[in-house]
Every structure is written in C-alpha cells, then in structure tokens.
file target.cif (mmCIF, C-alpha atoms and all ligand atoms)
data_protein
loop_
_atom_site.group_PDB
_atom_site.id
_atom_site.type_symbol
_atom_site.label_atom_id
_atom_site.label_comp_id
_atom_site.auth_asym_id
_atom_site.auth_seq_id
_atom_site.Cartn_x
_atom_site.Cartn_y
_atom_site.Cartn_z
ATOM 1 C CA MET A 1 10.690 -22.953 32.547
ATOM 2 C CA THR A 2 12.845 -25.492 30.688
ATOM 3 C CA HIS A 3 16.629 -25.326 30.806
ATOM 4 C CA ALA A 4 16.697 -24.189 27.134
ATOM 5 C CA GLU A 5 14.268 -21.321 27.821
ATOM 6 C CA ASP A 6 16.256 -20.320 30.870
ATOM 7 C CA THR A 7 19.493 -20.198 28.852
ATOM 8 C CA ARG A 8 17.768 -18.220 26.079
ATOM 9 C CA ASN A 9 16.413 -15.674 28.563
ATOM 10 C CA SER A 10 19.821 -15.045 30.099
ATOM 11 C CA THR A 11 21.331 -14.693 26.603
ATOM 12 C CA ILE A 12 18.661 -12.107 25.742
ATOM 13 C CA ILE A 13 19.427 -10.132 28.902
ATOM 14 C CA GLU A 14 23.160 -10.240 28.226
ATOM 15 C CA VAL A 15 22.655 -9.102 24.606
ATOM 16 C CA ALA A 16 20.282 -6.344 25.797
ATOM 17 C CA HIS A 17 22.971 -5.019 28.162
ATOM 18 C CA ARG A 18 25.511 -5.024 25.347
ATOM 19 C CA LEU A 19 23.080 -3.186 23.067
ATOM 20 C CA ARG A 20 22.231 -0.639 25.758
ATOM 21 C CA ASP A 21 25.929 0.196 26.194
ATOM 22 C CA ALA A 22 26.781 0.218 22.467
ATOM 23 C CA GLN A 23 26.807 3.242 20.150
ATOM 24 C CA ARG A 24 28.217 1.697 16.967
ATOM 25 C CA VAL A 25 26.050 -1.199 15.857
ATOM 26 C CA LEU A 26 25.856 -3.141 12.593
ATOM 27 C CA PHE A 27 22.801 -5.205 11.630
ATOM 28 C CA ILE A 28 23.361 -7.709 8.815
ATOM 29 C CA THR A 29 20.020 -9.052 7.653
ATOM 30 C CA GLY A 30 18.665 -11.637 5.215
ATOM 31 C CA ALA A 31 15.368 -13.100 4.037
ATOM 32 C CA GLY A 32 14.476 -14.418 7.538
ATOM 33 C CA ILE A 33 13.930 -10.917 8.938
ATOM 34 C CA SER A 34 11.073 -10.478 6.450
ATOM 35 C CA ALA A 35 9.525 -13.922 7.039
ATOM 36 C CA GLU A 36 7.151 -12.455 9.626
ATOM 37 C CA SER A 37 6.082 -9.835 7.050
ATOM 38 C CA GLY A 38 4.838 -12.747 4.918
ATOM 39 C CA LEU A 39 7.818 -13.036 2.552
ATOM 40 C CA PRO A 40 9.144 -16.555 1.961
ATOM 41 C CA THR A 41 12.805 -17.449 2.563
ATOM 42 C CA TYR A 42 14.804 -19.771 0.307
ATOM 43 C CA ARG A 43 16.740 -21.761 2.921
ATOM 44 C CA GLY A 44 16.496 -22.671 6.589
ATOM 45 C CA ILE A 45 13.278 -22.565 8.631
ATOM 46 C CA GLY A 46 10.272 -22.233 6.309
ATOM 47 C CA GLY A 47 12.622 -22.165 3.273
ATOM 48 C CA LEU A 48 10.991 -22.852 -0.106
ATOM 49 C CA TYR A 49 14.049 -24.579 -1.577
ATOM 50 C CA ASN A 50 15.662 -26.414 1.339
ATOM 51 C CA SER A 51 15.945 -29.853 -0.138
ATOM 52 C CA ARG A 52 14.444 -29.379 -3.526
ATOM 53 C CA ASP A 53 15.020 -27.600 -6.792
ATOM 54 C CA THR A 54 12.569 -25.162 -8.349
ATOM 55 C CA GLU A 55 9.699 -26.610 -10.396
ATOM 56 C CA ASP A 56 11.909 -25.951 -13.430
ATOM 57 C CA ASP A 57 14.333 -28.574 -12.044
ATOM 58 C CA VAL A 58 17.195 -26.180 -11.389
ATOM 59 C CA PRO A 59 18.375 -24.844 -8.016
ATOM 60 C CA ILE A 60 16.943 -21.407 -7.145
ATOM 61 C CA GLU A 61 20.471 -19.942 -7.389
ATOM 62 C CA VAL A 62 20.570 -21.041 -11.060
ATOM 63 C CA ALA A 63 17.028 -19.868 -11.852
ATOM 64 C CA LEU A 64 17.905 -16.430 -10.438
ATOM 65 C CA SER A 65 21.334 -16.167 -12.064
ATOM 66 C CA GLY A 66 22.721 -13.662 -14.568
ATOM 67 C CA PRO A 67 23.434 -16.351 -17.246
ATOM 68 C CA MET A 68 19.921 -17.830 -16.905
ATOM 69 C CA PHE A 69 18.405 -14.351 -17.270
ATOM 70 C CA LYS A 70 20.386 -13.867 -20.495
ATOM 71 C CA ASN A 71 19.305 -17.197 -21.974
ATOM 72 C CA ARG A 72 15.825 -17.685 -20.539
ATOM 73 C CA PRO A 73 14.523 -14.395 -19.095
ATOM 74 C CA ALA A 74 10.987 -15.812 -18.729
ATOM 75 C CA LEU A 75 12.274 -18.503 -16.349
ATOM 76 C CA THR A 76 14.226 -16.021 -14.196
ATOM 77 C CA TRP A 77 11.228 -13.686 -14.165
ATOM 78 C CA LYS A 78 8.996 -16.461 -12.837
ATOM 79 C CA TYR A 79 11.117 -16.521 -9.653
ATOM 80 C CA LEU A 80 11.667 -12.758 -9.516
ATOM 81 C CA TRP A 81 7.895 -12.498 -9.592
ATOM 82 C CA GLN A 82 7.648 -14.898 -6.657
ATOM 83 C CA ILE A 83 9.525 -12.417 -4.420
ATOM 84 C CA GLY A 84 8.157 -9.334 -6.185
ATOM 85 C CA SER A 85 4.523 -10.311 -5.855
ATOM 86 C CA SER A 86 4.875 -11.132 -2.164
ATOM 87 C CA CYS A 87 6.428 -7.659 -1.619
ATOM 88 C CA ILE A 88 3.184 -6.045 -2.804
ATOM 89 C CA GLY A 89 1.410 -4.773 0.278
ATOM 90 C CA ALA A 90 4.050 -6.253 2.647
ATOM 91 C CA THR A 91 4.843 -4.033 5.608
ATOM 92 C CA PRO A 92 7.824 -3.911 7.980
ATOM 93 C CA ASN A 93 7.513 -6.085 11.089
ATOM 94 C CA LEU A 94 8.723 -5.337 14.613
ATOM 95 C CA ALA A 95 12.284 -6.401 13.819
ATOM 96 C CA HIS A 96 12.624 -3.840 10.972
ATOM 97 C CA LYS A 97 10.938 -1.192 13.132
ATOM 98 C CA ILE A 98 13.093 -1.751 16.224
ATOM 99 C CA ILE A 99 16.275 -1.615 14.112
ATOM 100 C CA ALA A 100 15.158 1.780 12.748
ATOM 101 C CA GLU A 101 14.424 2.909 16.307
ATOM 102 C CA VAL A 102 17.890 1.795 17.482
ATOM 103 C CA GLU A 103 19.371 3.955 14.682
ATOM 104 C CA SER A 104 17.379 6.967 15.856
ATOM 105 C CA VAL A 105 18.759 6.819 19.416
ATOM 106 C CA LYS A 106 22.378 5.804 18.831
ATOM 107 C CA SER A 107 25.206 7.602 17.088
ATOM 108 C CA ASP A 108 26.368 5.127 14.441
ATOM 109 C CA VAL A 109 24.025 2.357 13.406
ATOM 110 C CA TRP A 110 24.180 0.621 10.018
ATOM 111 C CA VAL A 111 22.006 -1.950 8.281
ATOM 112 C CA LEU A 112 23.445 -4.127 5.563
ATOM 113 C CA THR A 113 20.690 -6.206 4.007
ATOM 114 C CA GLN A 114 20.698 -8.881 1.348
ATOM 115 C CA ASN A 115 16.949 -8.420 0.919
ATOM 116 C CA VAL A 116 15.380 -6.866 -2.147
ATOM 117 C CA ASP A 117 12.028 -6.150 -0.487
ATOM 118 C CA GLY A 118 12.677 -2.538 0.596
ATOM 119 C CA LEU A 119 11.206 -3.154 4.085
ATOM 120 C CA HIS A 120 14.125 -1.629 6.039
ATOM 121 C CA ARG A 121 13.682 1.554 4.039
ATOM 122 C CA LEU A 122 9.952 1.569 4.709
ATOM 123 C CA ALA A 123 10.636 1.100 8.428
ATOM 124 C CA GLY A 124 12.805 4.241 8.396
ATOM 125 C CA SER A 125 16.397 2.915 8.385
ATOM 126 C CA ARG A 126 18.629 5.525 6.750
ATOM 127 C CA ASN A 127 22.182 4.192 7.089
ATOM 128 C CA LEU A 128 21.151 1.366 4.815
ATOM 129 C CA ILE A 129 23.103 -0.689 2.296
ATOM 130 C CA GLU A 130 20.893 -2.879 0.116
ATOM 131 C CA VAL A 131 23.681 -5.080 -1.262
ATOM 132 C CA HIS A 132 21.486 -6.800 -3.816
ATOM 133 C CA GLY A 133 19.446 -3.741 -4.786
ATOM 134 C CA HIS A 134 15.655 -3.803 -4.637
ATOM 135 C CA MET A 135 12.629 -4.725 -6.690
ATOM 136 C CA TYR A 136 11.100 -1.249 -7.002
ATOM 137 C CA ASP A 137 13.299 0.218 -9.740
ATOM 138 C CA LEU A 138 13.606 -1.474 -13.122
ATOM 139 C CA TYR A 139 15.191 -0.743 -16.498
ATOM 140 C CA CYS A 140 15.113 -1.908 -20.090
ATOM 141 C CA THR A 141 18.126 -4.117 -20.885
ATOM 142 C CA VAL A 142 18.191 -2.792 -24.476
ATOM 143 C CA CYS A 143 17.484 0.965 -24.480
ATOM 144 C CA GLY A 144 18.180 1.605 -20.775
ATOM 145 C CA GLN A 145 14.844 3.371 -20.095
ATOM 146 C CA ASP A 146 14.021 3.427 -16.367
ATOM 147 C CA TYR A 147 10.736 2.036 -15.070
ATOM 148 C CA THR A 148 9.115 1.567 -11.663
ATOM 149 C CA ALA A 149 7.327 -1.393 -10.097
ATOM 150 C CA LYS A 150 4.118 0.605 -10.513
ATOM 151 C CA ASP A 151 4.632 0.741 -14.316
ATOM 152 C CA LEU A 152 5.249 -2.985 -14.302
ATOM 153 C CA LEU A 153 2.210 -3.820 -12.212
ATOM 154 C CA SER A 154 -0.064 -1.836 -14.493
ATOM 155 C CA ASN A 155 1.838 -3.539 -17.339
ATOM 156 C CA PHE A 156 1.896 -0.246 -19.207
ATOM 157 C CA GLY A 157 -1.864 -0.541 -19.633
ATOM 158 C CA GLY A 158 -1.609 -3.926 -21.417
ATOM 159 C CA VAL A 159 -2.080 -7.633 -20.709
ATOM 160 C CA PRO A 160 0.337 -8.921 -18.002
ATOM 161 C CA SER A 161 3.072 -11.148 -19.408
ATOM 162 C CA LEU A 162 6.520 -12.316 -18.309
ATOM 163 C CA PRO A 163 9.177 -11.315 -19.112
ATOM 164 C CA PRO A 164 7.899 -7.751 -19.216
ATOM 165 C CA GLU A 165 8.772 -5.864 -22.403
ATOM 166 C CA CYS A 166 9.809 -2.265 -22.860
ATOM 167 C CA PRO A 167 6.955 -0.349 -24.532
ATOM 168 C CA SER A 168 9.496 1.719 -26.540
ATOM 169 C CA CYS A 169 11.861 -0.937 -27.943
ATOM 170 C CA HIS A 170 10.440 -4.345 -26.900
ATOM 171 C CA GLY A 171 13.634 -5.123 -24.965
ATOM 172 C CA VAL A 172 13.361 -7.246 -21.812
ATOM 173 C CA ILE A 173 12.911 -5.255 -18.607
ATOM 174 C CA ARG A 174 14.632 -6.272 -15.369
ATOM 175 C CA PRO A 175 14.706 -5.007 -11.817
ATOM 176 C CA LYS A 176 17.842 -3.285 -10.482
ATOM 177 C CA VAL A 177 18.772 -6.323 -8.396
ATOM 178 C CA VAL A 178 22.010 -8.304 -8.329
ATOM 179 C CA LEU A 179 21.308 -11.793 -9.653
ATOM 180 C CA PHE A 180 23.370 -14.792 -8.509
ATOM 181 C CA GLY A 181 26.755 -14.743 -10.227
ATOM 182 C CA GLU A 182 26.601 -10.995 -10.952
ATOM 183 C CA MET A 183 28.970 -8.448 -9.439
ATOM 184 C CA LEU A 184 27.950 -6.094 -6.676
ATOM 185 C CA SER A 185 27.714 -2.471 -7.785
ATOM 186 C CA GLU A 186 30.776 -0.280 -7.280
ATOM 187 C CA SER A 187 29.004 1.934 -4.748
ATOM 188 C CA VAL A 188 27.963 -1.112 -2.691
ATOM 189 C CA THR A 189 31.484 -2.548 -2.820
ATOM 190 C CA GLN A 190 32.866 0.785 -1.640
ATOM 191 C CA ALA A 191 30.307 0.990 1.179
ATOM 192 C CA MET A 192 31.173 -2.569 2.260
ATOM 193 C CA ILE A 193 34.886 -1.677 2.399
ATOM 194 C CA GLU A 194 34.032 1.262 4.635
ATOM 195 C CA LEU A 195 31.940 -0.981 6.894
ATOM 196 C CA ILE A 196 34.655 -3.593 7.150
ATOM 197 C CA ASN A 197 37.074 -0.894 8.313
ATOM 198 C CA LYS A 198 34.719 0.436 10.967
ATOM 199 C CA ASP A 199 35.128 -0.723 14.518
ATOM 200 C CA PHE A 200 31.631 -1.665 15.698
ATOM 201 C CA ASP A 201 30.719 -2.277 19.348
ATOM 202 C CA LEU A 202 28.221 -4.933 18.360
ATOM 203 C CA VAL A 203 27.221 -6.842 15.231
ATOM 204 C CA PHE A 204 23.922 -8.689 14.648
ATOM 205 C CA SER A 205 23.357 -11.309 11.959
ATOM 206 C CA ILE A 206 19.596 -11.746 11.577
ATOM 207 C CA GLY A 207 17.699 -14.211 9.391
ATOM 208 C CA THR A 208 20.457 -15.055 6.967
ATOM 209 C CA SER A 209 21.973 -18.391 6.025
ATOM 210 C CA ALA A 210 25.183 -16.304 5.622
ATOM 211 C CA LEU A 211 26.323 -18.176 2.531
ATOM 212 C CA PHE A 212 27.692 -15.219 0.569
ATOM 213 C CA PRO A 213 31.454 -14.786 1.079
ATOM 214 C CA TYR A 214 31.142 -11.015 1.575
ATOM 215 C CA ILE A 215 28.726 -11.596 4.469
ATOM 216 C CA GLN A 216 31.075 -14.120 6.043
ATOM 217 C CA ASP A 217 33.992 -11.672 5.577
ATOM 218 C CA LEU A 218 32.131 -9.011 7.574
ATOM 219 C CA LEU A 219 31.383 -11.483 10.360
ATOM 220 C CA PHE A 220 34.960 -12.762 10.496
ATOM 221 C CA GLN A 221 36.298 -9.214 10.497
ATOM 222 C CA ALA A 222 34.066 -8.421 13.491
ATOM 223 C CA GLN A 223 35.410 -11.468 15.287
ATOM 224 C CA SER A 224 38.991 -10.544 14.608
ATOM 225 C CA ASN A 225 38.252 -7.072 16.050
ATOM 226 C CA GLU A 226 36.829 -8.910 19.079
ATOM 227 C CA THR A 227 33.417 -7.396 18.397
ATOM 228 C CA PRO A 228 30.667 -9.644 19.763
ATOM 229 C CA VAL A 229 28.464 -11.101 17.015
ATOM 230 C CA ILE A 230 24.892 -12.076 17.860
ATOM 231 C CA GLU A 231 23.018 -14.372 15.526
ATOM 232 C CA ILE A 232 19.208 -14.384 15.537
ATOM 233 C CA ASN A 233 17.882 -17.356 13.616
ATOM 234 C CA PRO A 234 15.559 -20.213 14.624
ATOM 235 C CA ALA A 235 17.968 -22.529 12.737
ATOM 236 C CA ILE A 236 21.694 -23.216 13.041
ATOM 237 C CA THR A 237 23.732 -21.800 10.135
ATOM 238 C CA GLU A 238 27.280 -22.166 8.828
ATOM 239 C CA VAL A 239 28.401 -19.245 11.002
ATOM 240 C CA SER A 240 26.508 -20.077 14.244
ATOM 241 C CA GLN A 241 29.525 -21.778 15.786
ATOM 242 C CA SER A 242 31.678 -18.698 15.445
ATOM 243 C CA CYS A 243 29.093 -16.236 16.805
ATOM 244 C CA GLN A 244 29.307 -15.147 20.420
ATOM 245 C CA HIS A 245 25.578 -15.677 20.981
ATOM 246 C CA HIS A 246 22.878 -17.510 19.056
ATOM 247 C CA ILE A 247 19.212 -16.687 19.793
ATOM 248 C CA ASP A 248 16.934 -19.369 18.381
ATOM 249 C CA LEU A 249 13.816 -17.266 17.917
ATOM 250 C CA GLY A 250 12.120 -15.478 15.022
ATOM 251 C CA ALA A 251 13.516 -12.014 14.316
ATOM 252 C CA ALA A 252 10.497 -9.992 15.535
ATOM 253 C CA GLN A 253 10.153 -11.857 18.821
ATOM 254 C CA ALA A 254 13.894 -11.790 19.514
ATOM 255 C CA MET A 255 14.285 -8.070 18.743
ATOM 256 C CA GLN A 256 11.234 -7.208 20.816
ATOM 257 C CA GLN A 257 12.552 -9.120 23.837
ATOM 258 C CA ILE A 258 16.053 -7.646 23.488
ATOM 259 C CA TRP A 259 14.791 -4.076 23.021
ATOM 260 C CA THR A 260 12.371 -4.335 25.951
ATOM 261 C CA SER A 261 15.137 -5.693 28.170
ATOM 262 C CA THR A 262 17.429 -2.741 27.329
ATOM 263 C CA HIS A 263 14.867 -0.510 29.096
ATOM 264 C CA GLN A 264 14.668 -2.577 32.273
HETATM 265 P P1 LIG A 301 18.019 -17.596 2.962
HETATM 266 O O1 LIG A 301 16.650 -17.902 2.419
HETATM 267 O O2 LIG A 301 19.181 -18.342 2.415
HETATM 268 O O3 LIG A 301 18.031 -17.830 4.550
HETATM 269 C C1 LIG A 301 17.002 -17.357 5.377
HETATM 270 C C2 LIG A 301 17.403 -17.595 6.817
HETATM 271 O O4 LIG A 301 16.390 -17.027 7.651
HETATM 272 C C3 LIG A 301 17.503 -19.072 7.186
HETATM 273 O O5 LIG A 301 18.715 -19.284 7.881
HETATM 274 C C4 LIG A 301 16.279 -19.307 8.096
HETATM 275 O O6 LIG A 301 16.514 -20.282 9.090
HETATM 276 C C5 LIG A 301 16.099 -17.930 8.717
HETATM 277 N N1 LIG A 301 14.725 -17.637 9.179
HETATM 278 C C6 LIG A 301 13.538 -18.175 8.797
HETATM 279 N N2 LIG A 301 12.511 -17.603 9.466
HETATM 280 C C7 LIG A 301 13.079 -16.685 10.300
HETATM 281 C C8 LIG A 301 12.541 -15.752 11.244
HETATM 282 N N3 LIG A 301 11.229 -15.644 11.454
HETATM 283 N N4 LIG A 301 13.423 -14.978 11.923
HETATM 284 C C9 LIG A 301 14.761 -15.051 11.722
HETATM 285 N N5 LIG A 301 15.312 -15.921 10.850
HETATM 286 C C10 LIG A 301 14.483 -16.712 10.136
HETATM 287 O O7 LIG A 301 18.218 -16.027 2.817
HETATM 288 P P2 LIG A 301 19.505 -15.123 2.675
HETATM 289 O O8 LIG A 301 20.561 -15.618 3.588
HETATM 290 O O9 LIG A 301 19.016 -13.742 2.785
HETATM 291 O O10 LIG A 301 20.053 -15.367 1.172
HETATM 292 C C11 LIG A 301 19.189 -15.639 0.090
HETATM 293 C C12 LIG A 301 19.219 -14.649 -1.081
HETATM 294 O O11 LIG A 301 17.891 -14.577 -1.606
HETATM 295 C C13 LIG A 301 19.581 -13.230 -0.723
HETATM 296 O O12 LIG A 301 20.266 -12.696 -1.793
HETATM 297 C C14 LIG A 301 18.252 -12.500 -0.647
HETATM 298 O O13 LIG A 301 18.356 -11.223 -1.229
HETATM 299 C C15 LIG A 301 17.337 -13.289 -1.531
HETATM 300 N N6 LIG A 301 15.956 -13.316 -0.965
HETATM 301 C C16 LIG A 301 15.396 -12.143 -0.573
HETATM 302 C C17 LIG A 301 14.128 -12.138 0.008
HETATM 303 C C18 LIG A 301 13.564 -10.811 0.456
HETATM 304 O O14 LIG A 301 13.955 -9.774 -0.065
HETATM 305 N N7 LIG A 301 12.675 -10.790 1.444
HETATM 306 C C19 LIG A 301 13.416 -13.334 0.186
HETATM 307 C C20 LIG A 301 14.026 -14.529 -0.265
HETATM 308 C C21 LIG A 301 15.308 -14.505 -0.828
HETATM 309 ZN ZN ZN A 302 13.702 -0.356 -24.225
#
call {"tool": "encode", "arguments": {"input": "target.cif", "output": "structure tokens"}}
result
Amino acid sequence: MTHAEDTRNSTIIEVAHRLRDAQRVLFITGAGISAESGLPTYRGIGGLYNSRDTEDDVPIEVALSGPMFKNRPALTWKYLWQIGSSCIGATPNLAHKIIAEVESVKSDVWVLTQNVDGLHRLAGSRNLIEVHGHMYDLYCTVCGQDYTAKDLLSNFGGVPSLPPECPSCHGVIRPKVVLFGEMLSESVTQAMIELINKDFDLVFSIGTSALFPYIQDLLFQAQSNETPVIEINPAITEVSQSCQHHIDLGAAQAMQQIWTSTHQ
C-alpha cells in the first residue's frame, strides 16, 4: 500500500467513526455525486467546461443564465437539454442510496443539493432541499400553465423543437430551475436560513466545486461552530483547505467505504 492510500484509509476510518457517533448530519452535494450515474459535471474531474467555453463561445454560466434565457431561449435550452436528456433513465448510485439510508437510521439528517436531476429524491431522501429546483416540472413563461417533463418529451404529440412552446399560447416553456444570476426561491432561502442555524455534528461536501456563495456560507458556518467538514471530491476545490478532511475518491466509492467502516 502506498503512503497516500494508507493516509486515505485512516481518514476513511476516522470519518466513519465520526459518522457512527453523529445524529445530526448535513450532506451538501453537487454535480459530482451524480457523475457515477452517468451525468456530466461542468467543472473539476470529468468537467465538460473546465478550460473551454460552450460551442456557442460563451461560458456555461452565461449560456444557462436568466438574461440569456430572456434574449435567446433556444441557446439556453440547448444546454438545459444537455442535463435534461442525460437525466432520462438515470438512476441513483450508491452515494445517493447510502445518504438516504443514513437518514433512515439517524434522527436529523439533511441533504442540500445543487443538482437538478432529482436523484436524491429517487433514492429516498426526504429532508431534501433542491436549491436550484429540478428538471421535472416546467411552466409556460407567458400564461403560467404547468407542464411535466413527460409532456415535454412527447412534445405534446408534435415534432420536437427547442425552445419548447406552450400548446395553448405559444409562449416559451421553461423548467422550474434557478438559472445563473436568478434568485433562489423564498422557500429555499428560508430553509437555508434554518439549516445555517442548526448545529450539526457533521457536515459533508460531496462532488461540488463549492463556488456559490451560499454553499461557502454553510461550510464556513459549520467551521465556526467547530463542526467537522468532510469533503469528498477526486479534485481539490476552493474550500478543500478549510475542510477538516478531504477524501480524494469518487462519491460512490468513498460513501461505500465510509458506510461499511461504520459497521466494523
Ligand atoms: P461542478 O460541475 O462545478 O463541480 C463538480 C465537482 O464534482 C467538481 O469539483 C469535480 O471534481 C467533482 N467530481 C467529479 N466526479 C466526481 C465523482 N465521481 N465523485 C465526487 N466528485 C466528483 O458542479 P456544482 O458544484 O454542482 O455546480 C454547478 C452547477 O451546475 C450547479 O448549479 C448544478 O445544479 C448544475 N449542474 C447540475 C448537474 C446535475 O443535476 N446532475 C450536472 C451539471 C451541472
Ligand atoms: Zn402558455
């Protein structure tokens, strides 16, 4: 065993002991937790847009922004479709499943995800805050009519085209997701305030580049409460330095090893 593997194994055992003894646990997750379910990430290991713009010559954060959607909905939809289409048929991986299992055996477990893929929900997590919404519910931006992903996929019985149009008023349809530069919903903001005021025993940051200020705020709050923060990410991120432990493995493998070690 190399020195690095040895260090990683003792970190996993230490984290497993902390998890075994904890009741109040927060999991903050990002695109990386769904990588092993076949969904691409934007940044970091395997990221589609690490050192390049989209094929429309704008950064992904601009392509998927509120102002771009207003001006050029077809362009934003091209990139919404990239995530949306890979969600079709995707299933939760071991990391999502173990997190749901942790919730079922402990008293106060929360998941705050930036993902729009709905995989935590499918895995059975119930104390779940999907900060950026999800791709399954949609609405018409003109008449407000609600639609589902199923309606969209069948394209209301017509020829598929982007941006999708409302069959009643021909307005542009969009998913109930928060685009870059848009505000979080009031209910999400309220839920985040409640989380920030909770005193967790343990916080995990899994598969996120942790670039959003509200994610960093949660992590810094945990640190100021002296709550250990464990980062699971094969890459180093902006917050790695300030986390108590960094496990440089994929989310499924890391969670499996941690969860198995809590039972030993
Ligand atoms: P990000 O793309 O910026 O970062 C992904 C992180 O995951 C990187 O740090 C990368 O190193 C890490 N990673 C890669 N493979 C991993 C693995 N197997 N296990 C653990 N970590 C792994 O994603 P973000 O921080 O979530 O922010 C991007 C924004 O884009 C978010 O708003 C998110 O909603 C959205 N997005 C969502 C999805 C999704 O719903 N699945 C996918 C792509 C982007
Ligand atoms: Zn309409």
call {"tool": "residues_near_ligand", "arguments": {"input": "target.cif", "ligand": "ligand ZN 302 (chain A)", "cutoff": "10 Å", "atoms": "only C-alpha atoms and all ligand atoms", "output": "mmCIF file with C-alpha atoms, keeping the file's coordinate frame"}}
result
data_model
loop_
_atom_site.group_PDB
_atom_site.id
_atom_site.type_symbol
_atom_site.label_atom_id
_atom_site.label_comp_id
_atom_site.auth_asym_id
_atom_site.auth_seq_id
_atom_site.Cartn_x
_atom_site.Cartn_y
_atom_site.Cartn_z
ATOM 1 C CA TYR A 139 15.191 -0.743 -16.498
ATOM 2 C CA CYS A 140 15.113 -1.908 -20.090
ATOM 3 C CA THR A 141 18.126 -4.117 -20.885
ATOM 4 C CA VAL A 142 18.191 -2.792 -24.476
ATOM 5 C CA CYS A 143 17.484 0.965 -24.480
ATOM 6 C CA GLY A 144 18.180 1.605 -20.775
ATOM 7 C CA GLN A 145 14.844 3.371 -20.095
ATOM 8 C CA ASP A 146 14.021 3.427 -16.367
ATOM 9 C CA TYR A 147 10.736 2.036 -15.070
ATOM 10 C CA GLU A 165 8.772 -5.864 -22.403
ATOM 11 C CA CYS A 166 9.809 -2.265 -22.860
ATOM 12 C CA PRO A 167 6.955 -0.349 -24.532
ATOM 13 C CA SER A 168 9.496 1.719 -26.540
ATOM 14 C CA CYS A 169 11.861 -0.937 -27.943
ATOM 15 C CA HIS A 170 10.440 -4.345 -26.900
ATOM 16 C CA GLY A 171 13.634 -5.123 -24.965
ATOM 17 C CA VAL A 172 13.361 -7.246 -21.812
ATOM 18 C CA ILE A 173 12.911 -5.255 -18.607
#
call {"tool": "atom_distance", "arguments": {"input": "target.cif", "atom1": "CA of Arg126 (chain A)", "atom2": "CA of Thr29 (chain A)"}}
result
14.7 Å
call {"tool": "closest_atom_pairs", "arguments": {"input": "target.cif", "of": "chain A", "to": "ligand LIG 301 (chain A)", "cutoff": "7 Å", "atoms": "only C-alpha atoms and all ligand atoms", "output": "tab-separated table"}}
result
residue	atom	partner	partner_atom	distance
A:Thr29	CA	A:LIG301	O9	6.8
A:Gly30	CA	A:LIG301	O9	3.2
A:Ala31	CA	A:LIG301	O9	3.9
A:Gly32	CA	A:LIG301	O4	3.2
A:Ile33	CA	A:LIG301	C9	5.1
A:Ser34	CA	A:LIG301	N7	5.3
A:Ala35	CA	A:LIG301	N3	5.0
A:Glu36	CA	A:LIG301	N3	5.5
A:Leu39	CA	A:LIG301	N7	5.5
A:Pro40	CA	A:LIG301	C19	5.6
A:Thr41	CA	A:LIG301	O1	3.9
A:Tyr42	CA	A:LIG301	O1	3.4
A:Arg43	CA	A:LIG301	O1	3.9
A:Gly44	CA	A:LIG301	O6	3.5
A:Ile45	CA	A:LIG301	O6	4.0
A:Gly46	CA	A:LIG301	C6	5.8
A:Gly47	CA	A:LIG301	O1	5.9
A:Ile83	CA	A:LIG301	C19	6.1
A:Gln114	CA	A:LIG301	O13	4.2
A:Asn115	CA	A:LIG301	O14	3.4
A:Val116	CA	A:LIG301	O14	3.8
A:Asp117	CA	A:LIG301	O14	4.1
A:His132	CA	A:LIG301	O13	6.0
A:Ile206	CA	A:LIG301	C9	5.9
A:Gly207	CA	A:LIG301	N5	3.3
A:Thr208	CA	A:LIG301	O8	3.4
A:Ser209	CA	A:LIG301	O5	3.9
A:Ala210	CA	A:LIG301	O8	5.1
A:Leu211	CA	A:LIG301	O8	6.4
A:Ile232	CA	A:LIG301	C9	5.9
A:Asn233	CA	A:LIG301	N5	4.0
A:Pro234	CA	A:LIG301	O6	5.6
A:Ala235	CA	A:LIG301	O6	4.5
A:Thr237	CA	A:LIG301	O5	6.0
A:Leu249	CA	A:LIG301	N4	6.4
A:Gly250	CA	A:LIG301	N4	3.4
A:Ala251	CA	A:LIG301	N4	3.8
A:Ala252	CA	A:LIG301	N4	6.8
call {"tool": "atom_distance", "arguments": {"input": "target.cif", "atom1": "CA of Asp199 (chain A)", "atom2": "CA of Ser261 (chain A)"}}
result
24.7 Å
call {"tool": "closest_residue", "arguments": {"input": "target.cif", "among": "A:Leu162, A:Thr7, A:Ser187, A:Leu26", "to": "Gln82 (chain A)", "atoms": "all atoms listed in the file"}}
result
A:Leu162
call {"tool": "closest_residue", "arguments": {"input": "target.cif", "among": "A:Leu94, A:Cys243, A:Ala22, A:Leu184", "to": "Phe212 (chain A)", "atoms": "all atoms listed in the file"}}
result
A:Leu184
call {"tool": "resolve_selection", "arguments": {"input": "target.cif", "expression": "the PyMOL selection byres (((chain A and resi 90) around 8) and not hetatm)", "output": "PyMOL selection string"}}
result
chain A and resi 37-39+86-89+91-92+119
call {"tool": "build_atoms", "arguments": {"input": "target.cif", "residues": "region 238-246 of chain A", "atoms": "N, CA, C and O atoms", "output": "tab-separated table (two decimals), keeping the file's coordinate frame"}}
result
chain	number	residue	atom	x	y	z
A	238	GLU	N	25.83	-21.91	8.97
A	238	GLU	CA	27.28	-22.17	8.83
A	238	GLU	C	28.12	-21.31	9.76
A	238	GLU	O	29.26	-21.65	10.06
A	239	VAL	N	27.59	-20.14	10.18
A	239	VAL	CA	28.40	-19.24	11.00
A	239	VAL	C	28.02	-19.28	12.49
A	239	VAL	O	28.67	-18.63	13.30
A	240	SER	N	26.99	-20.08	12.84
A	240	SER	CA	26.51	-20.08	14.24
A	240	SER	C	27.63	-20.35	15.24
A	240	SER	O	27.74	-19.68	16.27
A	241	GLN	N	28.43	-21.34	14.90
A	241	GLN	CA	29.52	-21.78	15.79
A	241	GLN	C	30.46	-20.64	16.16
A	241	GLN	O	30.97	-20.59	17.27
A	242	SER	N	30.69	-19.74	15.18
A	242	SER	CA	31.68	-18.70	15.44
A	242	SER	C	31.05	-17.42	16.00
A	242	SER	O	31.75	-16.43	16.20
A	243	CYS	N	29.72	-17.42	16.21
A	243	CYS	CA	29.09	-16.24	16.80
A	243	CYS	C	29.15	-16.33	18.33
A	243	CYS	O	29.05	-17.41	18.89
A	244	GLN	N	29.24	-15.17	18.96
A	244	GLN	CA	29.31	-15.15	20.42
A	244	GLN	C	28.02	-15.66	21.05
A	244	GLN	O	28.04	-16.39	22.03
A	245	HIS	N	26.88	-15.23	20.47
A	245	HIS	CA	25.58	-15.68	20.98
A	245	HIS	C	24.70	-16.08	19.82
A	245	HIS	O	24.71	-15.44	18.77
A	246	HIS	N	23.88	-17.13	20.05
A	246	HIS	CA	22.88	-17.51	19.06
A	246	HIS	C	21.52	-17.48	19.76
A	246	HIS	O	21.36	-18.12	20.80
